[in-house]
$ cat data-v3.pdb   # PDB, N, CA and C atoms and all ligand atoms
MODEL        1
ATOM      1  N   MET A   1      68.539   4.584 -15.934
ATOM      2  CA  MET A   1      69.009   3.206 -15.812
ATOM      3  C   MET A   1      68.355   2.370 -16.908
ATOM      4  N   ASP A   2      69.148   1.612 -17.634
ATOM      5  CA  ASP A   2      68.629   0.763 -18.713
ATOM      6  C   ASP A   2      68.296  -0.627 -18.196
ATOM      7  N   PHE A   3      67.212  -1.174 -18.744
ATOM      8  CA  PHE A   3      66.731  -2.498 -18.349
ATOM      9  C   PHE A   3      66.658  -3.402 -19.562
ATOM     10  N   VAL A   4      66.697  -4.709 -19.307
ATOM     11  CA  VAL A   4      66.535  -5.696 -20.358
ATOM     12  C   VAL A   4      65.507  -6.729 -19.892
ATOM     13  N   LYS A   5      64.630  -7.133 -20.820
ATOM     14  CA  LYS A   5      63.660  -8.180 -20.480
ATOM     15  C   LYS A   5      64.398  -9.514 -20.400
ATOM     16  N   VAL A   6      64.196 -10.235 -19.308
ATOM     17  CA  VAL A   6      64.877 -11.523 -19.162
ATOM     18  C   VAL A   6      63.914 -12.699 -19.069
ATOM     19  N   ALA A   7      62.676 -12.433 -18.679
ATOM     20  CA  ALA A   7      61.760 -13.552 -18.446
ATOM     21  C   ALA A   7      60.334 -13.040 -18.390
ATOM     22  N   THR A   8      59.424 -13.974 -18.271
ATOM     23  CA  THR A   8      58.031 -13.617 -18.003
ATOM     24  C   THR A   8      57.645 -14.248 -16.664
ATOM     25  N   VAL A   9      56.562 -13.795 -16.101
ATOM     26  CA  VAL A   9      56.101 -14.335 -14.814
ATOM     27  C   VAL A   9      55.855 -15.838 -14.936
ATOM     28  N   LYS A  10      55.343 -16.283 -16.077
ATOM     29  CA  LYS A  10      55.069 -17.710 -16.283
ATOM     30  C   LYS A  10      56.323 -18.573 -16.159
ATOM     31  N   ASP A  11      57.485 -18.018 -16.505
ATOM     32  CA  ASP A  11      58.735 -18.788 -16.416
ATOM     33  C   ASP A  11      59.010 -19.243 -14.984
ATOM     34  N   PHE A  12      58.370 -18.585 -14.020
ATOM     35  CA  PHE A  12      58.608 -18.912 -12.609
ATOM     36  C   PHE A  12      57.513 -19.805 -12.023
ATOM     37  N   THR A  13      56.692 -20.380 -12.888
ATOM     38  CA  THR A  13      55.609 -21.236 -12.405
ATOM     39  C   THR A  13      56.138 -22.407 -11.591
ATOM     40  N   HIS A  14      57.228 -23.025 -12.074
ATOM     41  CA  HIS A  14      57.786 -24.188 -11.378
ATOM     42  C   HIS A  14      59.208 -23.942 -10.878
ATOM     43  N   LYS A  15      59.657 -22.689 -10.895
ATOM     44  CA  LYS A  15      61.020 -22.362 -10.455
ATOM     45  C   LYS A  15      60.965 -21.123  -9.572
ATOM     46  N   SER A  16      61.882 -21.056  -8.622
ATOM     47  CA  SER A  16      61.945 -19.841  -7.811
ATOM     48  C   SER A  16      63.157 -19.000  -8.184
ATOM     49  N   ILE A  17      64.090 -19.557  -8.978
ATOM     50  CA  ILE A  17      65.257 -18.785  -9.415
ATOM     51  C   ILE A  17      65.638 -19.214 -10.829
ATOM     52  N   ILE A  18      65.982 -18.228 -11.624
ATOM     53  CA  ILE A  18      66.488 -18.470 -12.977
ATOM     54  C   ILE A  18      67.693 -17.547 -13.148
ATOM     55  N   SER A  19      68.780 -18.078 -13.724
ATOM     56  CA  SER A  19      69.953 -17.228 -13.928
ATOM     57  C   SER A  19      70.112 -16.854 -15.392
ATOM     58  N   PHE A  20      70.684 -15.673 -15.598
ATOM     59  CA  PHE A  20      70.887 -15.102 -16.925
ATOM     60  C   PHE A  20      72.290 -14.510 -16.981
ATOM     61  N   SER A  21      72.790 -14.355 -18.182
ATOM     62  CA  SER A  21      74.041 -13.631 -18.365
ATOM     63  C   SER A  21      73.677 -12.224 -18.827
ATOM     64  N   ILE A  22      74.084 -11.243 -18.046
ATOM     65  CA  ILE A  22      73.818  -9.844 -18.393
ATOM     66  C   ILE A  22      75.154  -9.119 -18.438
ATOM     67  N   LEU A  23      75.516  -8.696 -19.623
ATOM     68  CA  LEU A  23      76.813  -8.044 -19.854
ATOM     69  C   LEU A  23      77.956  -8.872 -19.259
ATOM     70  N   GLY A  24      77.874 -10.177 -19.451
ATOM     71  CA  GLY A  24      78.952 -11.060 -19.008
ATOM     72  C   GLY A  24      78.899 -11.461 -17.544
ATOM     73  N   LYS A  25      77.912 -10.980 -16.797
ATOM     74  CA  LYS A  25      77.777 -11.332 -15.379
ATOM     75  C   LYS A  25      76.625 -12.310 -15.187
ATOM     76  N   LYS A  26      76.806 -13.264 -14.278
ATOM     77  CA  LYS A  26      75.707 -14.181 -13.945
ATOM     78  C   LYS A  26      74.769 -13.471 -12.972
ATOM     79  N   VAL A  27      73.515 -13.328 -13.379
ATOM     80  CA  VAL A  27      72.521 -12.649 -12.541
ATOM     81  C   VAL A  27      71.341 -13.589 -12.346
ATOM     82  N   GLY A  28      70.935 -13.748 -11.099
ATOM     83  CA  GLY A  28      69.795 -14.595 -10.799
ATOM     84  C   GLY A  28      68.578 -13.742 -10.501
ATOM     85  N   VAL A  29      67.443 -14.155 -11.043
ATOM     86  CA  VAL A  29      66.175 -13.512 -10.692
ATOM     87  C   VAL A  29      65.410 -14.499  -9.836
ATOM     88  N   LEU A  30      65.013 -14.056  -8.657
ATOM     89  CA  LEU A  30      64.318 -14.917  -7.706
ATOM     90  C   LEU A  30      62.898 -14.433  -7.503
ATOM     91  N   LYS A  31      62.003 -15.385  -7.367
ATOM     92  CA  LYS A  31      60.634 -15.045  -7.001
ATOM     93  C   LYS A  31      60.474 -15.354  -5.516
ATOM     94  N   ARG A  32      60.142 -14.305  -4.767
ATOM     95  CA  ARG A  32      59.959 -14.495  -3.325
ATOM     96  C   ARG A  32      58.604 -15.149  -3.051
ATOM     97  N   ASP A  33      58.427 -15.608  -1.823
ATOM     98  CA  ASP A  33      57.162 -16.239  -1.431
ATOM     99  C   ASP A  33      55.974 -15.298  -1.597
ATOM    100  N   ASP A  34      56.208 -13.988  -1.447
ATOM    101  CA  ASP A  34      55.100 -13.029  -1.575
ATOM    102  C   ASP A  34      54.813 -12.655  -3.031
ATOM    103  N   GLY A  35      55.540 -13.282  -3.978
ATOM    104  CA  GLY A  35      55.294 -13.037  -5.394
ATOM    105  C   GLY A  35      56.136 -11.917  -5.986
ATOM    106  N   SER A  36      56.902 -11.216  -5.166
ATOM    107  CA  SER A  36      57.761 -10.153  -5.695
ATOM    108  C   SER A  36      59.044 -10.768  -6.263
ATOM    109  N   PHE A  37      59.747  -9.977  -7.049
ATOM    110  CA  PHE A  37      60.967 -10.465  -7.692
ATOM    111  C   PHE A  37      62.179  -9.691  -7.195
ATOM    112  N   HIS A  38      63.326 -10.365  -7.239
ATOM    113  CA  HIS A  38      64.573  -9.836  -6.712
ATOM    114  C   HIS A  38      65.685 -10.305  -7.649
ATOM    115  N   ALA A  39      66.651  -9.448  -7.935
ATOM    116  CA  ALA A  39      67.752  -9.856  -8.824
ATOM    117  C   ALA A  39      69.086  -9.585  -8.140
ATOM    118  N   ILE A  40      69.981 -10.564  -8.259
ATOM    119  CA  ILE A  40      71.279 -10.461  -7.592
ATOM    120  C   ILE A  40      72.303 -11.290  -8.367
ATOM    121  N   GLU A  41      73.530 -10.841  -8.311
ATOM    122  CA  GLU A  41      74.636 -11.582  -8.928
ATOM    123  C   GLU A  41      74.642 -13.003  -8.353
ATOM    124  N   VAL A  42      74.841 -14.003  -9.216
ATOM    125  CA  VAL A  42      74.902 -15.385  -8.719
ATOM    126  C   VAL A  42      76.200 -16.080  -9.129
ATOM    127  N   GLY A  43      77.194 -15.302  -9.517
ATOM    128  CA  GLY A  43      78.521 -15.865  -9.767
ATOM    129  C   GLY A  43      79.263 -15.892  -8.443
ATOM    130  N   CYS A  44      79.588 -17.085  -7.969
ATOM    131  CA  CYS A  44      80.267 -17.212  -6.668
ATOM    132  C   CYS A  44      81.561 -16.400  -6.668
ATOM    133  N   LYS A  45      81.824 -15.752  -5.538
ATOM    134  CA  LYS A  45      83.012 -14.910  -5.412
ATOM    135  C   LYS A  45      84.297 -15.735  -5.285
ATOM    136  N   HIS A  46      84.180 -17.041  -5.144
ATOM    137  CA  HIS A  46      85.366 -17.884  -5.066
ATOM    138  C   HIS A  46      85.878 -18.195  -6.468
ATOM    139  N   GLN A  47      85.148 -19.015  -7.222
ATOM    140  CA  GLN A  47      85.588 -19.378  -8.573
ATOM    141  C   GLN A  47      84.439 -19.319  -9.584
ATOM    142  N   SER A  48      83.513 -18.433  -9.332
ATOM    143  CA  SER A  48      82.446 -18.079 -10.298
ATOM    144  C   SER A  48      81.430 -19.170 -10.620
ATOM    145  N   ALA A  49      81.325 -20.205  -9.802
ATOM    146  CA  ALA A  49      80.268 -21.196 -10.047
ATOM    147  C   ALA A  49      78.913 -20.505  -9.949
ATOM    148  N   ASP A  50      77.946 -21.049 -10.655
ATOM    149  CA  ASP A  50      76.608 -20.457 -10.687
ATOM    150  C   ASP A  50      75.839 -20.883  -9.429
ATOM    151  N   LEU A  51      75.599 -19.941  -8.534
ATOM    152  CA  LEU A  51      74.927 -20.253  -7.265
ATOM    153  C   LEU A  51      73.496 -20.731  -7.478
ATOM    154  N   SER A  52      72.889 -20.371  -8.592
ATOM    155  CA  SER A  52      71.511 -20.819  -8.843
ATOM    156  C   SER A  52      71.445 -22.314  -9.109
ATOM    157  N   LYS A  53      72.611 -22.932  -9.367
ATOM    158  CA  LYS A  53      72.660 -24.379  -9.615
ATOM    159  C   LYS A  53      72.916 -25.172  -8.327
ATOM    160  N   GLY A  54      73.160 -24.457  -7.230
ATOM    161  CA  GLY A  54      73.390 -25.124  -5.957
ATOM    162  C   GLY A  54      72.095 -25.273  -5.173
ATOM    163  N   GLU A  55      72.234 -25.738  -3.951
ATOM    164  CA  GLU A  55      71.052 -25.886  -3.093
ATOM    165  C   GLU A  55      70.623 -24.505  -2.602
ATOM    166  N   ILE A  56      69.332 -24.244  -2.662
ATOM    167  CA  ILE A  56      68.805 -22.976  -2.164
ATOM    168  C   ILE A  56      67.654 -23.288  -1.221
ATOM    169  N   ILE A  57      67.819 -22.854   0.013
ATOM    170  CA  ILE A  57      66.765 -23.052   1.012
ATOM    171  C   ILE A  57      66.381 -21.667   1.514
ATOM    172  N   GLY A  58      65.124 -21.315   1.292
ATOM    173  CA  GLY A  58      64.725 -19.934   1.578
ATOM    174  C   GLY A  58      65.530 -19.027   0.672
ATOM    175  N   MET A  59      66.287 -18.112   1.241
ATOM    176  CA  MET A  59      67.138 -17.223   0.442
ATOM    177  C   MET A  59      68.613 -17.576   0.627
ATOM    178  N   ILE A  60      68.903 -18.711   1.256
ATOM    179  CA  ILE A  60      70.298 -19.109   1.471
ATOM    180  C   ILE A  60      70.732 -20.082   0.374
ATOM    181  N   ALA A  61      71.773 -19.684  -0.361
ATOM    182  CA  ALA A  61      72.297 -20.505  -1.452
ATOM    183  C   ALA A  61      73.628 -21.111  -1.039
ATOM    184  N   THR A  62      73.810 -22.375  -1.371
ATOM    185  CA  THR A  62      75.081 -23.054  -1.144
ATOM    186  C   THR A  62      75.728 -23.308  -2.493
ATOM    187  N   CYS A  63      76.934 -22.835  -2.657
ATOM    188  CA  CYS A  63      77.641 -22.981  -3.926
ATOM    189  C   CYS A  63      77.825 -24.470  -4.251
ATOM    190  N   PRO A  64      77.522 -24.854  -5.506
ATOM    191  CA  PRO A  64      77.640 -26.268  -5.870
ATOM    192  C   PRO A  64      79.078 -26.767  -5.931
ATOM    193  N   ARG A  65      80.052 -25.857  -5.947
ATOM    194  CA  ARG A  65      81.438 -26.312  -6.118
ATOM    195  C   ARG A  65      82.159 -26.553  -4.796
ATOM    196  N   HIS A  66      82.202 -25.561  -3.926
ATOM    197  CA  HIS A  66      82.951 -25.735  -2.667
ATOM    198  C   HIS A  66      82.131 -25.315  -1.447
ATOM    199  N   GLN A  67      80.838 -25.186  -1.626
ATOM    200  CA  GLN A  67      79.862 -25.006  -0.541
ATOM    201  C   GLN A  67      79.950 -23.690   0.227
ATOM    202  N   TRP A  68      80.511 -22.639  -0.345
ATOM    203  CA  TRP A  68      80.358 -21.343   0.321
ATOM    204  C   TRP A  68      78.869 -21.026   0.334
ATOM    205  N   GLN A  69      78.432 -20.333   1.376
ATOM    206  CA  GLN A  69      77.011 -19.997   1.465
ATOM    207  C   GLN A  69      76.799 -18.486   1.409
ATOM    208  N   TYR A  70      75.707 -18.106   0.773
ATOM    209  CA  TYR A  70      75.356 -16.695   0.608
ATOM    210  C   TYR A  70      73.896 -16.479   0.964
ATOM    211  N   ASP A  71      73.615 -15.285   1.501
ATOM    212  CA  ASP A  71      72.243 -14.839   1.664
ATOM    213  C   ASP A  71      71.876 -14.075   0.387
ATOM    214  N   LEU A  72      71.002 -14.633  -0.418
ATOM    215  CA  LEU A  72      70.678 -14.005  -1.700
ATOM    216  C   LEU A  72      69.815 -12.756  -1.544
ATOM    217  N   GLU A  73      69.274 -12.518  -0.371
ATOM    218  CA  GLU A  73      68.519 -11.273  -0.141
ATOM    219  C   GLU A  73      69.493 -10.113   0.072
ATOM    220  N   THR A  74      70.496 -10.326   0.909
ATOM    221  CA  THR A  74      71.431  -9.239   1.248
ATOM    222  C   THR A  74      72.698  -9.263   0.396
ATOM    223  N   GLY A  75      73.032 -10.432  -0.143
ATOM    224  CA  GLY A  75      74.270 -10.581  -0.912
ATOM    225  C   GLY A  75      75.464 -10.974  -0.052
ATOM    226  N   LYS A  76      75.274 -11.078   1.264
ATOM    227  CA  LYS A  76      76.390 -11.394   2.163
ATOM    228  C   LYS A  76      76.822 -12.853   2.036
ATOM    229  N   CYS A  77      78.131 -13.064   2.040
ATOM    230  CA  CYS A  77      78.667 -14.410   2.120
ATOM    231  C   CYS A  77      78.652 -14.799   3.594
ATOM    232  N   LEU A  78      78.105 -15.977   3.900
ATOM    233  CA  LEU A  78      77.933 -16.393   5.292
ATOM    234  C   LEU A  78      79.080 -17.252   5.797
ATOM    235  N   THR A  79      79.959 -17.690   4.900
ATOM    236  CA  THR A  79      81.011 -18.622   5.295
ATOM    237  C   THR A  79      82.427 -18.080   5.108
ATOM    238  N   ASN A  80      82.568 -16.986   4.378
ATOM    239  CA  ASN A  80      83.889 -16.426   4.122
ATOM    240  C   ASN A  80      83.794 -14.904   4.078
ATOM    241  N   SER A  81      84.912 -14.244   4.183
ATOM    242  CA  SER A  81      84.899 -12.774   4.135
ATOM    243  C   SER A  81      85.151 -12.307   2.709
ATOM    244  N   SER A  82      84.221 -12.633   1.846
ATOM    245  CA  SER A  82      84.358 -12.205   0.452
ATOM    246  C   SER A  82      83.472 -10.979   0.235
ATOM    247  N   PRO A  83      83.682 -10.262  -0.850
ATOM    248  CA  PRO A  83      82.794  -9.125  -1.143
ATOM    249  C   PRO A  83      81.356  -9.598  -1.310
ATOM    250  N   ASP A  84      80.416  -8.692  -1.089
ATOM    251  CA  ASP A  84      78.997  -9.031  -1.250
ATOM    252  C   ASP A  84      78.649  -9.259  -2.724
ATOM    253  N   LEU A  85      77.652 -10.100  -2.954
ATOM    254  CA  LEU A  85      77.064 -10.221  -4.284
ATOM    255  C   LEU A  85      76.355  -8.907  -4.583
ATOM    256  N   ARG A  86      76.414  -8.467  -5.824
ATOM    257  CA  ARG A  86      75.822  -7.175  -6.184
ATOM    258  C   ARG A  86      74.353  -7.349  -6.587
ATOM    259  N   LYS A  87      73.538  -6.413  -6.138
ATOM    260  CA  LYS A  87      72.100  -6.465  -6.446
ATOM    261  C   LYS A  87      71.811  -5.700  -7.739
ATOM    262  N   TYR A  88      70.759  -6.125  -8.401
ATOM    263  CA  TYR A  88      70.285  -5.469  -9.615
ATOM    264  C   TYR A  88      68.842  -5.011  -9.388
ATOM    265  N   ALA A  89      68.450  -3.989 -10.102
ATOM    266  CA  ALA A  89      67.062  -3.536 -10.025
ATOM    267  C   ALA A  89      66.184  -4.439 -10.878
ATOM    268  N   VAL A  90      64.963  -4.675 -10.418
ATOM    269  CA  VAL A  90      63.987  -5.473 -11.160
ATOM    270  C   VAL A  90      62.751  -4.624 -11.383
ATOM    271  N   ARG A  91      62.205  -4.735 -12.573
ATOM    272  CA  ARG A  91      60.969  -4.027 -12.879
ATOM    273  C   ARG A  91      60.018  -5.019 -13.532
ATOM    274  N   ARG A  92      58.775  -4.972 -13.135
ATOM    275  CA  ARG A  92      57.772  -5.821 -13.766
ATOM    276  C   ARG A  92      56.885  -4.934 -14.628
ATOM    277  N   GLU A  93      56.762  -5.322 -15.894
ATOM    278  CA  GLU A  93      55.862  -4.604 -16.810
ATOM    279  C   GLU A  93      54.866  -5.618 -17.333
ATOM    280  N   GLY A  94      53.682  -5.631 -16.749
ATOM    281  CA  GLY A  94      52.703  -6.659 -17.101
ATOM    282  C   GLY A  94      53.249  -8.021 -16.720
ATOM    283  N   GLU A  95      53.370  -8.908 -17.689
ATOM    284  CA  GLU A  95      53.893 -10.255 -17.437
ATOM    285  C   GLU A  95      55.402 -10.338 -17.623
ATOM    286  N   ASN A  96      56.023  -9.261 -18.065
ATOM    287  CA  ASN A  96      57.463  -9.286 -18.347
ATOM    288  C   ASN A  96      58.291  -8.875 -17.131
ATOM    289  N   ILE A  97      59.415  -9.577 -16.954
ATOM    290  CA  ILE A  97      60.348  -9.253 -15.879
ATOM    291  C   ILE A  97      61.582  -8.628 -16.524
ATOM    292  N   LEU A  98      61.917  -7.432 -16.085
ATOM    293  CA  LEU A  98      63.072  -6.723 -16.623
ATOM    294  C   LEU A  98      64.102  -6.522 -15.512
ATOM    295  N   VAL A  99      65.373  -6.590 -15.895
ATOM    296  CA  VAL A  99      66.457  -6.411 -14.929
ATOM    297  C   VAL A  99      67.391  -5.313 -15.450
ATOM    298  N   SER A 100      67.928  -4.533 -14.525
ATOM    299  CA  SER A 100      68.843  -3.468 -14.924
ATOM    300  C   SER A 100      70.096  -4.061 -15.549
ATOM    301  N   LEU A 101      70.650  -3.362 -16.514
ATOM    302  CA  LEU A 101      71.860  -3.850 -17.171
ATOM    303  C   LEU A 101      73.061  -3.800 -16.238
ATOM    304  N   LEU A 102      73.019  -2.854 -15.305
ATOM    305  CA  LEU A 102      74.151  -2.675 -14.379
ATOM    306  C   LEU A 102      73.683  -2.887 -12.947
ATOM    307  N   PRO A 103      74.568  -3.335 -12.073
ATOM    308  CA  PRO A 103      74.175  -3.512 -10.663
ATOM    309  C   PRO A 103      73.876  -2.178 -10.007
ATOM    310  N   LEU A 104      73.179  -2.236  -8.868
ATOM    311  CA  LEU A 104      72.782  -1.022  -8.161
ATOM    312  C   LEU A 104      73.953  -0.332  -7.476
ATOM    313  N   SER A 105      74.936  -1.103  -7.047
ATOM    314  CA  SER A 105      76.089  -0.478  -6.361
ATOM    315  C   SER A 105      77.354  -1.213  -6.706
TER     316      SER A 105
HETATM  317  S1  LIG B   1      83.297 -21.719  -6.635
HETATM  318 FE1  LIG B   1      81.836 -21.328  -5.072
HETATM  319  S2  LIG B   1      82.801 -21.995  -3.265
HETATM  320 FE2  LIG B   1      84.279 -22.361  -4.832
ENDMDL
END

$ encode --input "data-v3.pdb" --output "C-alpha cells" --more "lines below"
Ligand code: FES
Amino acid sequence: MDFVKVATVKDFTHKSIISFSILGKKVGVLKRDDGSFHAIEVGCKHQSADLSKGEIIGMIATCPRHQWQYDLETGKCLTNSSPDLRKYAVRREGENILVSLLPLS
C-alpha cells in the first residue's frame, strides 16, 4: 500500500481535522482526543461538499450544505441511506502524518 505525507503533528495543534485532496478525493485527517489519527473521505455523498468545513461535534459531522450528518469514525451517514464514507489508512512516522493513496475498502 502506498502512502503520501499530508501533514505534521504540529499542523493539528489548533485543529482537530484537516482535509486534503488525494487522487481527486477529499480526505480528512482527524486527531482523536487520545492523540491518535484517523483518515476518512470527507466529500459528502449528496453533492460533494467538504464535511470538514461543517460543524463537527465529537466525531459527528454535519454537512455545511444541506445538513446530512455522518459519523466520521465509522463512515455511516446518520440522516440518509447513502453509501458509507470510505476510510483510509494512516501512518505516523516521527512527526509526519502519512495517508494511504487509496481507501481501505
Ligand atoms: S452536499 Fe452534503 S447534504 Fe447536500

$ resolve_selection --input "data-v3.pdb" --expression "the PyMOL selection byres (((chain A and resi 88) around 6.5) and not hetatm)" --output "VMD selection string"
chain A and resid 38 to 41 86 to 87 89 to 90 99 to 100 102 to 104

$ write_last_selection --input "data-v3.pdb" --atoms "N, CA and C atoms" --output "PDB file, in the frame of the given file"
ATOM      1  N   HIS A  38      63.326 -10.365  -7.239  1.00  0.00           N
ATOM      2  CA  HIS A  38      64.573  -9.836  -6.712  1.00  0.00           C
ATOM      3  C   HIS A  38      65.685 -10.305  -7.649  1.00  0.00           C
ATOM      4  N   ALA A  39      66.651  -9.448  -7.935  1.00  0.00           N
ATOM      5  CA  ALA A  39      67.752  -9.856  -8.824  1.00  0.00           C
ATOM      6  C   ALA A  39      69.086  -9.585  -8.140  1.00  0.00           C
ATOM      7  N   ILE A  40      69.981 -10.564  -8.259  1.00  0.00           N
ATOM      8  CA  ILE A  40      71.279 -10.461  -7.592  1.00  0.00           C
ATOM      9  C   ILE A  40      72.303 -11.290  -8.367  1.00  0.00           C
ATOM     10  N   GLU A  41      73.530 -10.841  -8.311  1.00  0.00           N
ATOM     11  CA  GLU A  41      74.636 -11.582  -8.928  1.00  0.00           C
ATOM     12  C   GLU A  41      74.642 -13.003  -8.353  1.00  0.00           C
ATOM     13  N   ARG A  86      76.414  -8.467  -5.824  1.00  0.00           N
ATOM     14  CA  ARG A  86      75.822  -7.175  -6.184  1.00  0.00           C
ATOM     15  C   ARG A  86      74.353  -7.349  -6.587  1.00  0.00           C
ATOM     16  N   LYS A  87      73.538  -6.413  -6.138  1.00  0.00           N
ATOM     17  CA  LYS A  87      72.100  -6.465  -6.446  1.00  0.00           C
ATOM     18  C   LYS A  87      71.811  -5.700  -7.739  1.00  0.00           C
ATOM     19  N   ALA A  89      68.450  -3.989 -10.102  1.00  0.00           N
ATOM     20  CA  ALA A  89      67.062  -3.536 -10.025  1.00  0.00           C
ATOM     21  C   ALA A  89      66.184  -4.439 -10.878  1.00  0.00           C
ATOM     22  N   VAL A  90      64.963  -4.675 -10.418  1.00  0.00           N
ATOM     23  CA  VAL A  90      63.987  -5.473 -11.160  1.00  0.00           C
ATOM     24  C   VAL A  90      62.751  -4.624 -11.383  1.00  0.00           C
ATOM     25  N   VAL A  99      65.373  -6.590 -15.895  1.00  0.00           N
ATOM     26  CA  VAL A  99      66.457  -6.411 -14.929  1.00  0.00           C
ATOM     27  C   VAL A  99      67.391  -5.313 -15.450  1.00  0.00           C
ATOM     28  N   SER A 100      67.928  -4.533 -14.525  1.00  0.00           N
ATOM     29  CA  SER A 100      68.843  -3.468 -14.924  1.00  0.00           C
ATOM     30  C   SER A 100      70.096  -4.061 -15.549  1.00  0.00           C
ATOM     31  N   LEU A 102      73.019  -2.854 -15.305  1.00  0.00           N
ATOM     32  CA  LEU A 102      74.151  -2.675 -14.379  1.00  0.00           C
ATOM     33  C   LEU A 102      73.683  -2.887 -12.947  1.00  0.00           C
ATOM     34  N   PRO A 103      74.568  -3.335 -12.073  1.00  0.00           N
ATOM     35  CA  PRO A 103      74.175  -3.512 -10.663  1.00  0.00           C
ATOM     36  C   PRO A 103      73.876  -2.178 -10.007  1.00  0.00           C
ATOM     37  N   LEU A 104      73.179  -2.236  -8.868  1.00  0.00           N
ATOM     38  CA  LEU A 104      72.782  -1.022  -8.161  1.00  0.00           C
ATOM     39  C   LEU A 104      73.953  -0.332  -7.476  1.00  0.00           C
TER      40      LEU A 104
END

$ residues_near_ligand --input "data-v3.pdb" --ligand "ligand LIG 1 (chain B)" --cutoff "5 Å" --atoms "all atoms listed in the file" --output "ChimeraX atom specification"
/A:44,46-49,63,65-68

$ atom_distance --input "data-v3.pdb" --atom1 "CA of Lys26 (chain A)" --atom2 "CA of Gly54 (chain A)"
13.7 Å

$ residues_around --input "data-v3.pdb" --residues "region 74-77 of chain A" --least-positions-apart "2" --cutoff "10 Å" --atoms "only C-alpha atoms" --output "list in words"
Ile40, Glu41, Val42, Cys44, Lys45, Met59, Ile60, Ala61, Thr62, Trp68, Gln69, Tyr70, Asp71, Leu72, Thr79, Asn80, Ser81, Ser82, Pro83, Asp84, Leu85, Arg86 and Lys87 of chain A

$ residues_around --input "data-v3.pdb" --residues "Val6 (chain A)" --least-positions-apart "3" --cutoff "6.5 Å" --atoms "only N, CA and C atoms" --output "ChimeraX atom specification"
/A:96-99

$ atom_distance --input "data-v3.pdb" --atom1 "atom C of Arg91 (chain A)" --atom2 "atom N of Ile56 (chain A)"
24.0 Å

$ atom_distance --input "data-v3.pdb" --atom1 "CA of Ser105 (chain A)" --atom2 "CA of Lys53 (chain A)"
24.4 Å

$ residues_around --input "data-v3.pdb" --residues "Val29 (chain A)" --least-positions-apart "2" --cutoff "8 Å" --atoms "only C-alpha atoms" --output "PDB file with N, CA and C atoms, in the coordinates of the input"
ATOM      1  N   ILE A  17      64.090 -19.557  -8.978  1.00  0.00           N
ATOM      2  CA  ILE A  17      65.257 -18.785  -9.415  1.00  0.00           C
ATOM      3  C   ILE A  17      65.638 -19.214 -10.829  1.00  0.00           C
ATOM      4  N   ILE A  18      65.982 -18.228 -11.624  1.00  0.00           N
ATOM      5  CA  ILE A  18      66.488 -18.470 -12.977  1.00  0.00           C
ATOM      6  C   ILE A  18      67.693 -17.547 -13.148  1.00  0.00           C
ATOM      7  N   SER A  19      68.780 -18.078 -13.724  1.00  0.00           N
ATOM      8  CA  SER A  19      69.953 -17.228 -13.928  1.00  0.00           C
ATOM      9  C   SER A  19      70.112 -16.854 -15.392  1.00  0.00           C
ATOM     10  N   PHE A  20      70.684 -15.673 -15.598  1.00  0.00           N
ATOM     11  CA  PHE A  20      70.887 -15.102 -16.925  1.00  0.00           C
ATOM     12  C   PHE A  20      72.290 -14.510 -16.981  1.00  0.00           C
ATOM     13  N   VAL A  27      73.515 -13.328 -13.379  1.00  0.00           N
ATOM     14  CA  VAL A  27      72.521 -12.649 -12.541  1.00  0.00           C
ATOM     15  C   VAL A  27      71.341 -13.589 -12.346  1.00  0.00           C
ATOM     16  N   LYS A  31      62.003 -15.385  -7.367  1.00  0.00           N
ATOM     17  CA  LYS A  31      60.634 -15.045  -7.001  1.00  0.00           C
ATOM     18  C   LYS A  31      60.474 -15.354  -5.516  1.00  0.00           C
ATOM     19  N   PHE A  37      59.747  -9.977  -7.049  1.00  0.00           N
ATOM     20  CA  PHE A  37      60.967 -10.465  -7.692  1.00  0.00           C
ATOM     21  C   PHE A  37      62.179  -9.691  -7.195  1.00  0.00           C
ATOM     22  N   HIS A  38      63.326 -10.365  -7.239  1.00  0.00           N
ATOM     23  CA  HIS A  38      64.573  -9.836  -6.712  1.00  0.00           C
ATOM     24  C   HIS A  38      65.685 -10.305  -7.649  1.00  0.00           C
ATOM     25  N   ALA A  39      66.651  -9.448  -7.935  1.00  0.00           N
ATOM     26  CA  ALA A  39      67.752  -9.856  -8.824  1.00  0.00           C
ATOM     27  C   ALA A  39      69.086  -9.585  -8.140  1.00  0.00           C
ATOM     28  N   ILE A  40      69.981 -10.564  -8.259  1.00  0.00           N
ATOM     29  CA  ILE A  40      71.279 -10.461  -7.592  1.00  0.00           C
ATOM     30  C   ILE A  40      72.303 -11.290  -8.367  1.00  0.00           C
TER      31      ILE A  40
END

$ select_by_dssp --input "data-v3.pdb" --residues "chain A" --states "strand (DSSP E)" --output "number ranges by chain"
A: 3-8, 17-22, 25-31, 37-41, 55-57, 60-62, 69-71, 87-88, 90-93, 96-100

$ decode --input "data-v3.pdb" --residues "region 30-49 of chain A" --atoms "C-alpha atoms" --output "PDB file, in the first residue's frame"
ATOM      1  CA  LEU A  30      -8.694  13.783  12.273  1.00  0.00           C
ATOM      2  CA  LYS A  31      -6.855  13.867  15.543  1.00  0.00           C
ATOM      3  CA  ARG A  32      -8.762  11.970  18.195  1.00  0.00           C
ATOM      4  CA  ASP A  33      -8.859  13.016  21.849  1.00  0.00           C
ATOM      5  CA  ASP A  34      -6.348  10.260  22.675  1.00  0.00           C
ATOM      6  CA  GLY A  35      -3.850  11.747  20.191  1.00  0.00           C
ATOM      7  CA  SER A  36      -4.252   9.054  17.529  1.00  0.00           C
ATOM      8  CA  PHE A  37      -5.044   9.910  13.923  1.00  0.00           C
ATOM      9  CA  HIS A  38      -7.822   8.712  11.641  1.00  0.00           C
ATOM     10  CA  ALA A  39      -8.419   9.347   7.925  1.00  0.00           C
ATOM     11  CA  ILE A  40     -11.736   9.189   6.111  1.00  0.00           C
ATOM     12  CA  GLU A  41     -13.354  10.519   2.960  1.00  0.00           C
ATOM     13  CA  VAL A  42     -14.957  13.911   3.668  1.00  0.00           C
ATOM     14  CA  GLY A  43     -16.723  14.523   0.362  1.00  0.00           C
ATOM     15  CA  CYS A  44     -20.431  14.435   1.203  1.00  0.00           C
ATOM     16  CA  LYS A  45     -22.279  11.650  -0.597  1.00  0.00           C
ATOM     17  CA  HIS A  46     -25.036  14.091  -1.571  1.00  0.00           C
ATOM     18  CA  GLN A  47     -23.274  16.818  -3.580  1.00  0.00           C
ATOM     19  CA  SER A  48     -19.629  16.506  -2.505  1.00  0.00           C
ATOM     20  CA  ALA A  49     -19.458  19.412  -0.046  1.00  0.00           C
TER      21      ALA A  49
END
